[in-house]
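Novice: My structure is stored as final.cif, with mmCIF, C-alpha atoms.
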data_structure
#
loop_
_atom_site.label_atom_id
_atom_site.label_comp_id
_atom_site.auth_asym_id
_atom_site.auth_seq_id
_atom_site.Cartn_x
_atom_site.Cartn_y
_atom_site.Cartn_z
CA MET S 434 24.42 -69.22 54.50
CA ARG S 435 20.82 -68.30 53.71
CA ILE S 436 19.01 -70.29 51.01
CA LEU S 437 15.77 -69.41 49.25
CA VAL S 438 13.90 -72.58 48.25
CA THR S 439 11.03 -72.79 45.78
CA GLY S 440 8.82 -75.86 45.85
CA ALA S 441 9.52 -76.03 49.58
CA SER S 442 6.43 -78.10 50.37
CA GLY S 443 7.16 -80.68 47.68
CA PHE S 444 8.90 -84.02 48.03
CA THR S 445 12.44 -82.81 47.35
CA GLY S 446 11.89 -79.43 48.99
CA ARG S 447 10.80 -81.01 52.25
CA HIS S 448 13.93 -83.16 52.47
CA PHE S 449 16.26 -80.42 51.22
CA ILE S 450 15.08 -78.09 53.96
CA ALA S 451 15.51 -80.79 56.60
CA ARG S 452 19.05 -81.61 55.42
CA SER S 453 19.94 -77.89 55.28
CA GLN S 454 18.60 -77.07 58.73
CA ALA S 455 20.43 -80.08 60.18
CA GLN S 456 23.62 -78.28 59.10
CA GLY S 457 22.53 -75.02 60.71
CA ILE S 458 21.65 -73.38 57.40
CA HIS S 459 18.86 -70.78 57.35
CA VAL S 460 16.16 -71.50 54.78
CA GLU S 461 13.59 -69.10 53.35
CA GLU S 462 10.57 -70.82 51.77
CA LEU S 463 9.10 -69.02 48.76
CA LYS S 464 5.33 -68.98 49.18
CA SER S 465 4.23 -67.04 46.09
CA ASP S 466 2.78 -68.66 42.98
CA LEU S 467 5.48 -68.52 40.30
CA LEU S 468 2.86 -67.40 37.80
CA ASP S 469 1.79 -64.43 39.95
CA VAL S 470 4.45 -61.91 38.96
CA SER S 471 3.26 -59.18 41.30
CA ALA S 472 3.14 -61.35 44.41
CA LEU S 473 6.44 -63.01 43.46
CA THR S 474 8.21 -59.67 43.07
CA THR S 475 6.83 -58.32 46.35
CA GLU S 476 7.86 -61.42 48.30
CA LEU S 477 11.38 -61.58 46.86
CA ASN S 478 11.95 -57.95 47.80
CA SER S 479 11.01 -58.76 51.38
CA LEU S 480 13.49 -61.62 51.75
CA SER S 481 17.23 -61.86 52.33
CA PHE S 482 19.15 -64.81 50.88
CA ASP S 483 22.57 -65.78 49.52
CA TYR S 484 21.59 -68.72 47.32
CA VAL S 485 18.52 -69.96 45.45
CA VAL S 486 17.46 -73.58 45.00
CA HIS S 487 14.64 -73.71 42.47
CA LEU S 488 12.70 -76.93 42.92
CA GLY S 489 9.20 -75.66 42.15
CA ALA S 490 7.84 -77.57 39.15
CA ILE S 491 5.37 -80.10 37.86
CA SER S 492 7.48 -83.24 37.94
CA PHE S 493 5.09 -86.16 37.37
CA VAL S 494 5.56 -87.29 33.76
CA GLY S 495 1.98 -88.58 33.59
CA HIS S 496 0.42 -85.24 34.61
CA LYS S 497 -2.80 -84.88 32.62
CA ASP S 498 -2.51 -81.20 31.66
CA SER S 499 0.35 -81.03 29.17
CA SER S 500 0.24 -77.24 28.94
CA ALA S 501 0.90 -76.97 32.69
CA PHE S 502 4.41 -78.35 32.20
CA TYR S 503 5.27 -75.31 30.11
CA SER S 504 3.40 -72.68 32.12
CA VAL S 505 4.94 -73.77 35.43
CA ASN S 506 8.30 -75.23 34.46
CA VAL S 507 9.23 -72.66 31.81
CA ILE S 508 7.22 -69.49 32.40
CA GLY S 509 7.31 -69.91 36.18
CA THR S 510 11.10 -70.13 36.05
CA LEU S 511 11.25 -67.16 33.70
CA ASN S 512 9.21 -65.10 36.16
CA LEU S 513 11.48 -66.14 39.03
CA LEU S 514 14.70 -65.26 37.22
CA GLU S 515 13.35 -61.97 35.95
CA ALA S 516 12.24 -60.94 39.44
CA ILE S 517 15.59 -61.98 40.96
CA SER S 518 17.51 -60.06 38.30
CA LYS S 519 15.86 -56.84 39.50
CA LEU S 520 16.86 -57.23 43.15
CA ASN S 521 19.31 -54.76 44.66
CA VAL S 522 21.48 -57.61 45.96
CA LEU S 523 21.87 -60.65 43.71
CA PRO S 524 22.38 -64.19 45.04
CA LYS S 525 25.78 -65.85 44.84
CA LYS S 526 24.43 -68.94 43.03
CA ILE S 527 21.09 -70.11 41.61
CA LEU S 528 20.51 -73.85 41.28
CA LEU S 529 17.88 -74.71 38.67
CA ALA S 530 16.57 -78.27 38.85
CA SER S 531 16.13 -79.82 35.41
CA SER S 532 15.88 -83.58 34.81
CA ALA S 533 17.75 -86.52 33.30
CA ASN S 534 14.54 -87.18 31.40
CA ILE S 535 15.78 -84.66 28.85
CA TYR S 536 18.19 -87.32 27.51
CA GLY S 537 15.32 -89.53 26.35
CA ASN S 538 16.06 -93.06 25.14
CA ALA S 539 19.80 -92.59 25.13
CA LEU S 540 21.71 -95.04 22.94
CA VAL S 541 24.95 -94.60 24.87
CA SER S 542 25.30 -95.15 28.61
CA PRO S 543 26.41 -94.02 31.09
CA ILE S 544 25.01 -90.65 30.04
CA VAL S 545 27.30 -87.63 30.27
CA GLU S 546 26.24 -83.99 30.49
CA ASP S 547 27.15 -83.07 26.90
CA GLN S 548 25.00 -85.79 25.38
CA THR S 549 22.46 -84.32 22.95
CA PRO S 550 19.01 -83.94 24.53
CA ALA S 551 16.27 -86.10 23.02
CA PRO S 552 13.13 -85.61 25.16
CA VAL S 553 10.23 -87.98 24.54
CA ASN S 554 7.53 -86.43 26.74
CA HIS S 555 6.18 -82.99 27.68
CA TYR S 556 7.83 -83.01 31.10
CA ALA S 557 11.28 -83.53 29.61
CA THR S 558 10.63 -81.06 26.80
CA SER S 559 9.57 -78.40 29.28
CA LYS S 560 12.74 -78.96 31.30
CA ILE S 561 15.13 -78.58 28.37
CA ALA S 562 13.16 -75.53 27.25
CA MET S 563 13.61 -74.14 30.76
CA GLU S 564 17.36 -74.68 30.52
CA TYR S 565 17.67 -72.86 27.20
CA MET S 566 15.50 -70.00 28.45
CA ALA S 567 17.51 -69.66 31.67
CA LYS S 568 20.81 -69.48 29.79
CA THR S 569 19.69 -66.10 28.41
CA TYR S 570 20.15 -64.81 31.99
CA LEU S 571 23.76 -65.91 32.34
CA SER S 572 25.00 -62.38 31.71
CA LYS S 573 22.89 -61.22 34.67
CA LEU S 574 22.61 -64.11 37.09
CA PRO S 575 24.90 -66.88 38.46
CA VAL S 576 22.77 -69.76 37.23
CA PHE S 577 23.74 -73.42 37.02
CA PHE S 578 21.75 -76.57 36.26
CA VAL S 579 21.26 -80.00 37.78
CA ARG S 580 19.80 -83.01 36.00
CA PRO S 581 18.83 -85.57 38.64
CA PHE S 582 18.29 -89.15 37.60
CA ASN S 583 15.49 -91.14 39.26
CA TYR S 584 15.42 -90.86 43.03
CA THR S 585 12.98 -91.72 45.76
CA GLY S 586 12.38 -91.67 49.50
CA SER S 587 9.89 -91.19 52.27
CA PHE S 588 7.01 -88.80 51.52
CA GLN S 589 7.20 -89.18 47.72
CA SER S 590 3.81 -89.24 46.00
CA PRO S 591 2.41 -92.70 45.17
CA ASP S 592 2.05 -91.42 41.60
CA PHE S 593 5.70 -92.50 41.33
CA ILE S 594 6.59 -96.14 40.98
CA ILE S 595 8.74 -96.81 44.07
CA PRO S 596 6.36 -95.30 46.68
CA LYS S 597 3.49 -97.04 44.87
CA LEU S 598 5.28 -100.36 45.31
CA VAL S 599 6.15 -99.59 48.93
CA SER S 600 2.56 -98.70 49.81
CA HIS S 601 1.33 -102.01 48.38
CA PHE S 602 3.91 -103.97 50.35
CA VAL S 603 3.14 -102.05 53.55
CA ARG S 604 -0.52 -103.02 53.39
CA LYS S 605 0.36 -106.50 52.09
CA ALA S 606 -1.78 -106.12 48.99
CA GLU S 607 -2.50 -109.31 47.06
CA PHE S 608 -1.55 -107.76 43.72
CA ILE S 609 -0.37 -104.55 42.10
CA GLU S 610 -1.02 -103.20 38.61
CA LEU S 611 2.05 -101.80 36.89
CA GLY S 612 3.15 -100.73 33.45
CA ASN S 613 6.41 -101.88 31.90
CA ILE S 614 8.36 -103.77 34.58
CA ASP S 615 11.35 -104.36 32.32
CA VAL S 616 12.62 -100.77 32.66
CA GLU S 617 15.99 -100.15 34.27
CA ARG S 618 16.74 -97.00 36.19
CA GLU S 619 18.89 -95.41 38.81
CA PHE S 620 16.83 -95.39 41.99
CA ASN S 621 18.85 -93.06 44.19
CA ASP S 622 17.96 -91.69 47.60
CA VAL S 623 16.51 -88.18 47.91
CA ARG S 624 18.95 -87.54 50.77
CA PHE S 625 21.87 -88.16 48.40
CA VAL S 626 20.34 -85.67 45.96
CA CYS S 627 19.84 -83.00 48.63
CA ASP S 628 23.37 -83.36 49.95
CA ALA S 629 24.73 -83.03 46.41
CA TYR S 630 22.70 -79.86 45.89
CA LEU S 631 24.10 -78.31 49.06
CA LYS S 632 27.68 -79.01 48.00
CA LEU S 633 27.04 -77.71 44.48
CA LEU S 634 25.77 -74.38 45.81
CA VAL S 635 29.29 -73.70 47.02
CA ASN S 636 31.36 -75.52 44.41
CA ALA S 637 29.44 -75.46 41.10
CA ASN S 638 30.64 -73.33 38.22
CA VAL S 639 28.15 -70.81 36.86
CA GLY S 640 26.59 -71.87 33.57
CA GLU S 641 27.52 -75.53 34.03
CA THR S 642 25.24 -78.58 34.12
CA TYR S 643 25.66 -81.50 36.51
CA ASN S 644 24.12 -84.95 36.38
CA ILE S 645 22.91 -85.94 39.85
CA CYS S 646 23.46 -89.65 39.71
CA THR S 647 25.46 -92.60 40.99
CA GLY S 648 25.75 -94.63 37.79
CA LYS S 649 24.09 -97.61 39.48
CA LEU S 650 21.48 -99.23 37.24
CA VAL S 651 18.66 -101.23 38.85
CA ALA S 652 15.92 -103.22 37.14
CA LEU S 653 12.43 -102.57 38.50
CA LYS S 654 12.09 -106.32 38.98
CA ASN S 655 15.04 -106.17 41.39
CA VAL S 656 13.29 -103.46 43.42
CA ILE S 657 10.33 -105.81 43.81
CA ASP S 658 12.67 -108.61 44.86
CA VAL S 659 14.27 -106.42 47.55
CA LEU S 660 10.86 -105.36 48.89
CA THR S 661 9.80 -109.00 48.99
CA LYS S 662 12.91 -109.88 50.99
CA LEU S 663 12.51 -106.96 53.40
CA THR S 664 8.82 -107.58 54.11
CA GLY S 665 8.47 -111.33 53.60
CA HIS S 666 5.43 -110.55 51.46
CA ASN S 667 4.95 -111.94 47.95
CA ILE S 668 2.85 -109.82 45.62
CA ASN S 669 1.25 -110.71 42.30
CA ILE S 670 2.34 -108.38 39.47
CA LYS S 671 -0.31 -107.55 36.88
CA VAL S 672 0.76 -105.56 33.83
CA ASN S 673 -1.96 -103.04 32.98
CA PRO S 674 -1.69 -101.83 29.35
CA LEU S 675 -3.15 -98.48 30.44
CA PHE S 676 -0.05 -97.89 32.58
CA VAL S 677 2.41 -98.62 29.77
CA ARG S 678 3.61 -95.21 28.56
CA ALA S 679 4.17 -94.46 24.91
CA ASN S 680 7.87 -93.74 24.27
CA GLU S 681 8.81 -95.32 27.60
CA ILE S 682 12.48 -94.75 28.37
CA ALA S 683 13.82 -98.29 28.68
CA GLN S 684 17.16 -97.65 30.36
CA LEU S 685 18.40 -94.50 32.03
CA TYR S 686 21.57 -94.07 34.07
CA GLY S 687 24.27 -91.47 34.15
CA SER S 688 27.92 -90.79 34.72
CA PRO S 689 28.63 -89.09 38.07
CA ASP S 690 32.19 -88.18 37.08
CA LYS S 691 31.56 -84.45 36.60
CA LEU S 692 29.52 -84.26 39.79
CA TYR S 693 32.14 -86.00 41.91
CA SER S 694 34.99 -84.00 40.40
CA CYS S 695 33.15 -80.88 41.54
CA ILE S 696 31.93 -81.81 45.01
CA GLY S 697 34.09 -84.79 45.93
CA SER S 698 32.20 -87.67 47.46
CA ALA S 699 28.53 -87.45 48.40
CA ASN S 700 26.52 -89.42 50.91
CA ASN S 701 25.22 -92.51 49.15
CA PHE S 702 22.60 -94.99 50.27
CA GLU S 703 22.07 -98.63 49.39
CA LEU S 704 18.73 -99.40 47.74
CA SER S 705 17.77 -101.71 50.59
CA ASP S 706 18.42 -98.89 53.11
CA THR S 707 16.25 -96.47 51.16
CA LEU S 708 13.44 -98.98 50.80
CA GLN S 709 13.58 -99.91 54.50
CA TRP S 710 13.34 -96.19 55.38
CA MET S 711 10.27 -95.90 53.16
CA LEU S 712 8.69 -99.03 54.64
CA ASP S 713 9.25 -97.73 58.16
CA CYS S 714 7.95 -94.21 57.54
CA PRO S 715 6.39 -93.85 54.07
CA ASN S 716 4.81 -90.50 54.96
CA ASP S 717 7.35 -89.26 57.49
#
Now that the file is in, can you turn its structure into structure tokens?
Specialist:
Amino acid sequence: MRILVTGASGFTGRHFIARSQAQGIHVEELKSDLLDVSALTTELNSLSFDYVVHLGAISFVGHKDSSAFYSVNVIGTLNLLEAISKLNVLPKKILLASSANIYGNALVSPIVEDQTPAPVNHYATSKIAMEYMAKTYLSKLPVFFVRPFNYTGSFQSPDFIIPKLVSHFVRKAEFIELGNIDVEREFNDVRFVCDAYLKLLVNANVGETYNICTGKLVALKNVIDVLTKLTGHNINIKVNPLFVRANEIAQLYGSPDKLYSCIGSANNFELSDTLQWMLDCPND
């Protein structure tokens, strides 16, 4: 098996490559800018691969340049698919990473894949737009979609809430400024996500969408409690109004039924195990 990975240097890409190589899988890392059509086409023609895992994207919801979500997440994906469609040998499967953020403030939980999208930010809107765009290639390419719910792990940017918390506990900061601490999320392990992706490459049905989730809902307050227990450090929480997002998604967790029916079981990790890993090697 030979896998082409976009976004290889990113958080998920780094771990996906490590998990793949540990299984003896050959990985090609796409180096071209997705917006540089000429360079992208030239590089793809020079590579040999059986599968594509498209992780390249702007994924931080609070990214300041709203237009970048659409140029990278939508047009970048369009350029990738168009270039792949012109190759002499097409891949067996193409995994396109979307996001559970597309569901918005869902009124019914756990969320299933056929729930109507209701994005409340530019990141989520760009991801559902990417999905609709990519479906126009289904007559040409073996595309399928994944919608991961919140996940974390070592090497994740401190722009995200869990590594931000971990970094404060590691240095035993006196206080931390946060936004809404009443939110409830799945906080899965990036290694679980990567393992699920690998199994889906073989087992997923073309054109289908799969929630990448465990269905386990965790309050952010509970994450803080676990970190306190693991480190023995008590931290003062200060709510900064500037960090409270408009249209904050209060509760977000999904149904893993479709995922598990496709791939069987997947390696899961307890929250305390994930947090201990991050405490031990936050930038590993």
Novice: If we count only C-alpha atoms and set the cut-off at 8 Å, which residues sit around stretch 658-668 of chain S, ignoring sequence neighbours fewer than 2 positions away in its own chain? Please answer as a list in words.
Specialist: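 Residues meeting the cut-off are Val599, Phe602, Val603, Lys605, Ala606, Glu607, Phe608, Ile609, Lys654, Asn655, Val656, Ile670, Ser705, Leu708 and Gln709 of chain S.
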Novice: Quick one: which residues end up in the PyMOL selection byres ((chain S and resi 613-625) around 9) for this structure, as a PyMOL selection string?
Specialist: chain S and resi 444-445+448-449+452+582-587+595+611-612+626-630+645-654+656+672-674+676-678+681-687+699-704+707
Novice: Can you write just those residues out, C-alpha atoms, as an mmCIF file, in the frame of the given file?
Specialist:
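Full text of out13.cif as output:
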data_model
loop_
_atom_site.group_PDB
_atom_site.id
_atom_site.type_symbol
_atom_site.label_atom_id
_atom_site.label_comp_id
_atom_site.auth_asym_id
_atom_site.auth_seq_id
_atom_site.Cartn_x
_atom_site.Cartn_y
_atom_site.Cartn_z
ATOM 1 C CA PHE S 444 8.900 -84.020 48.030
ATOM 2 C CA THR S 445 12.440 -82.810 47.350
ATOM 3 C CA HIS S 448 13.930 -83.160 52.470
ATOM 4 C CA PHE S 449 16.260 -80.420 51.220
ATOM 5 C CA ARG S 452 19.050 -81.610 55.420
ATOM 6 C CA PHE S 582 18.290 -89.150 37.600
ATOM 7 C CA ASN S 583 15.490 -91.140 39.260
ATOM 8 C CA TYR S 584 15.420 -90.860 43.030
ATOM 9 C CA THR S 585 12.980 -91.720 45.760
ATOM 10 C CA GLY S 586 12.380 -91.670 49.500
ATOM 11 C CA SER S 587 9.890 -91.190 52.270
ATOM 12 C CA ILE S 595 8.740 -96.810 44.070
ATOM 13 C CA LEU S 611 2.050 -101.800 36.890
ATOM 14 C CA GLY S 612 3.150 -100.730 33.450
ATOM 15 C CA VAL S 626 20.340 -85.670 45.960
ATOM 16 C CA CYS S 627 19.840 -83.000 48.630
ATOM 17 C CA ASP S 628 23.370 -83.360 49.950
ATOM 18 C CA ALA S 629 24.730 -83.030 46.410
ATOM 19 C CA TYR S 630 22.700 -79.860 45.890
ATOM 20 C CA ILE S 645 22.910 -85.940 39.850
ATOM 21 C CA CYS S 646 23.460 -89.650 39.710
ATOM 22 C CA THR S 647 25.460 -92.600 40.990
ATOM 23 C CA GLY S 648 25.750 -94.630 37.790
ATOM 24 C CA LYS S 649 24.090 -97.610 39.480
ATOM 25 C CA LEU S 650 21.480 -99.230 37.240
ATOM 26 C CA VAL S 651 18.660 -101.230 38.850
ATOM 27 C CA ALA S 652 15.920 -103.220 37.140
ATOM 28 C CA LEU S 653 12.430 -102.570 38.500
ATOM 29 C CA LYS S 654 12.090 -106.320 38.980
ATOM 30 C CA VAL S 656 13.290 -103.460 43.420
ATOM 31 C CA VAL S 672 0.760 -105.560 33.830
ATOM 32 C CA ASN S 673 -1.960 -103.040 32.980
ATOM 33 C CA PRO S 674 -1.690 -101.830 29.350
ATOM 34 C CA PHE S 676 -0.050 -97.890 32.580
ATOM 35 C CA VAL S 677 2.410 -98.620 29.770
ATOM 36 C CA ARG S 678 3.610 -95.210 28.560
ATOM 37 C CA GLU S 681 8.810 -95.320 27.600
ATOM 38 C CA ILE S 682 12.480 -94.750 28.370
ATOM 39 C CA ALA S 683 13.820 -98.290 28.680
ATOM 40 C CA GLN S 684 17.160 -97.650 30.360
ATOM 41 C CA LEU S 685 18.400 -94.500 32.030
ATOM 42 C CA TYR S 686 21.570 -94.070 34.070
ATOM 43 C CA GLY S 687 24.270 -91.470 34.150
ATOM 44 C CA ALA S 699 28.530 -87.450 48.400
ATOM 45 C CA ASN S 700 26.520 -89.420 50.910
ATOM 46 C CA ASN S 701 25.220 -92.510 49.150
ATOM 47 C CA PHE S 702 22.600 -94.990 50.270
ATOM 48 C CA GLU S 703 22.070 -98.630 49.390
ATOM 49 C CA LEU S 704 18.730 -99.400 47.740
ATOM 50 C CA THR S 707 16.250 -96.470 51.160
#
Novice: For this file, the PyMOL selection byres ((chain S and resi 559-569) around 7) selects which residues, as a VMD selection string?
Specialist: chain S and resid 502 to 503 506 to 507 531 to 532 535 555 to 558 570 to 571
Novice: For atom CA of S:Gly446 and atom CA of S:Gln589, quote the distance in Å rounded to one decimal.
Specialist: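 Atom CA of S:Gln589 lies at a distance of 10.9 Å from atom CA of S:Gly446.
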Novice: Once the PyMOL selection byres ((chain S and resi 574) around 10) has been evaluated on this model, what residues remain selected, and can you format them as a PDB file with C-alpha atoms, in the coordinates of the input?
Specialist:
ATOM      1  CA  LEU S 514      14.700 -65.260  37.220  1.00  0.00           C
ATOM      2  CA  GLU S 515      13.350 -61.970  35.950  1.00  0.00           C
ATOM      3  CA  ILE S 517      15.590 -61.980  40.960  1.00  0.00           C
ATOM      4  CA  SER S 518      17.510 -60.060  38.300  1.00  0.00           C
ATOM      5  CA  LEU S 523      21.870 -60.650  43.710  1.00  0.00           C
ATOM      6  CA  PRO S 524      22.380 -64.190  45.040  1.00  0.00           C
ATOM      7  CA  LYS S 525      25.780 -65.850  44.840  1.00  0.00           C
ATOM      8  CA  LYS S 526      24.430 -68.940  43.030  1.00  0.00           C
ATOM      9  CA  ILE S 527      21.090 -70.110  41.610  1.00  0.00           C
ATOM     10  CA  ALA S 567      17.510 -69.660  31.670  1.00  0.00           C
ATOM     11  CA  LYS S 568      20.810 -69.480  29.790  1.00  0.00           C
ATOM     12  CA  THR S 569      19.690 -66.100  28.410  1.00  0.00           C
ATOM     13  CA  TYR S 570      20.150 -64.810  31.990  1.00  0.00           C
ATOM     14  CA  LEU S 571      23.760 -65.910  32.340  1.00  0.00           C
ATOM     15  CA  SER S 572      25.000 -62.380  31.710  1.00  0.00           C
ATOM     16  CA  LYS S 573      22.890 -61.220  34.670  1.00  0.00           C
ATOM     17  CA  PRO S 575      24.900 -66.880  38.460  1.00  0.00           C
ATOM     18  CA  VAL S 576      22.770 -69.760  37.230  1.00  0.00           C
ATOM     19  CA  PHE S 577      23.740 -73.420  37.020  1.00  0.00           C
ATOM     20  CA  VAL S 639      28.150 -70.810  36.860  1.00  0.00           C
ATOM     21  CA  GLY S 640      26.590 -71.870  33.570  1.00  0.00           C
TER      22      GLY S 640
END
Novice: Quick one: of S:Asp713, S:Leu513, S:Ile657, S:Glu461, who's nearest to S:Leu598, counting all atoms listed in the file?
Specialist: S:Ile657
Novice: Give me, please, the distance in Å between atom CA of S:Ser694 and atom CA of S:Asn538, quoted to one decimal.
Specialist: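 The value is 25.9 Å.
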Novice: Could you state the separation of atom CA of S:Leu692 and atom CA of S:Val635 in Å, given to one decimal place?
Specialist: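 According to the coordinates, atom CA of S:Leu692 and atom CA of S:Val635 are separated by 12.8 Å.
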Novice: With all atoms listed in the file as the atoms that count, which of S:Cys714, S:Leu463, S:Leu675, S:Val485 lies nearest to S:Gly443?
Specialist: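 Using all atoms listed in the file, the shortest distance to S:Gly443 belongs to S:Leu463.
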Novice: Nearest residue to S:Ala516 out of S:Arg580, S:Leu477, S:Ile491, S:Ala539, using all atoms listed in the file?
Specialist: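 Once distances to S:Ala516 are computed over all atoms listed in the file, the minimum belongs to S:Leu477.
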Novice: Go ahead and find all residues with at least one atom no further than 9 Å from (1.3, -91.5, 50.5) in the file's coordinates, using all atoms listed in the file; report them as a PDB file with C-alpha atoms, keeping the file's coordinate frame.
Specialist:
ATOM      1  CA  SER S 587       9.890 -91.190  52.270  1.00  0.00           C
ATOM      2  CA  PHE S 588       7.010 -88.800  51.520  1.00  0.00           C
ATOM      3  CA  GLN S 589       7.200 -89.180  47.720  1.00  0.00           C
ATOM      4  CA  SER S 590       3.810 -89.240  46.000  1.00  0.00           C
ATOM      5  CA  PRO S 591       2.410 -92.700  45.170  1.00  0.00           C
ATOM      6  CA  ASP S 592       2.050 -91.420  41.600  1.00  0.00           C
ATOM      7  CA  PRO S 596       6.360 -95.300  46.680  1.00  0.00           C
ATOM      8  CA  LYS S 597       3.490 -97.040  44.870  1.00  0.00           C
ATOM      9  CA  SER S 600       2.560 -98.700  49.810  1.00  0.00           C
ATOM     10  CA  PRO S 715       6.390 -93.850  54.070  1.00  0.00           C
ATOM     11  CA  ASN S 716       4.810 -90.500  54.960  1.00  0.00           C
TER      12      ASN S 716
END
Novice: For S:Arg447, which residue out of S:Ser465, S:Leu473, S:Leu488, S:Asp547 is the nearest one, using all atoms listed in the file?
Specialist: S:Leu488
Novice: Which is closer to S:Tyr643 than all the others in S:Asn669, S:Leu631, S:Ala551, S:Tyr693, using only C-alpha atoms?
Specialist: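 Among the listed residues, S:Tyr693 lies closest to S:Tyr643.
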Novice: So, counting only C-alpha atoms, which residue among S:Ser504, S:Asn478, S:Gln454, S:Asn521 is closest to S:Ala490?
Specialist: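 Among the listed residues, the smallest separation from S:Ala490 belongs to S:Ser504.
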Novice: Could you list as a PDB file with C-alpha atoms, in the coordinates of the input every residue that has an atom within 6 Å of (16.7, -84.7, 26.8), using the file's coordinates and counting all atoms listed in the file?
Specialist:
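Result saved to out-v3.pdb:
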ATOM      1  CA  ASN S 534      14.540 -87.180  31.400  1.00  0.00           C
ATOM      2  CA  ILE S 535      15.780 -84.660  28.850  1.00  0.00           C
ATOM      3  CA  TYR S 536      18.190 -87.320  27.510  1.00  0.00           C
ATOM      4  CA  GLY S 537      15.320 -89.530  26.350  1.00  0.00           C
ATOM      5  CA  PRO S 550      19.010 -83.940  24.530  1.00  0.00           C
ATOM      6  CA  ALA S 551      16.270 -86.100  23.020  1.00  0.00           C
ATOM      7  CA  PRO S 552      13.130 -85.610  25.160  1.00  0.00           C
TER       8      PRO S 552
END
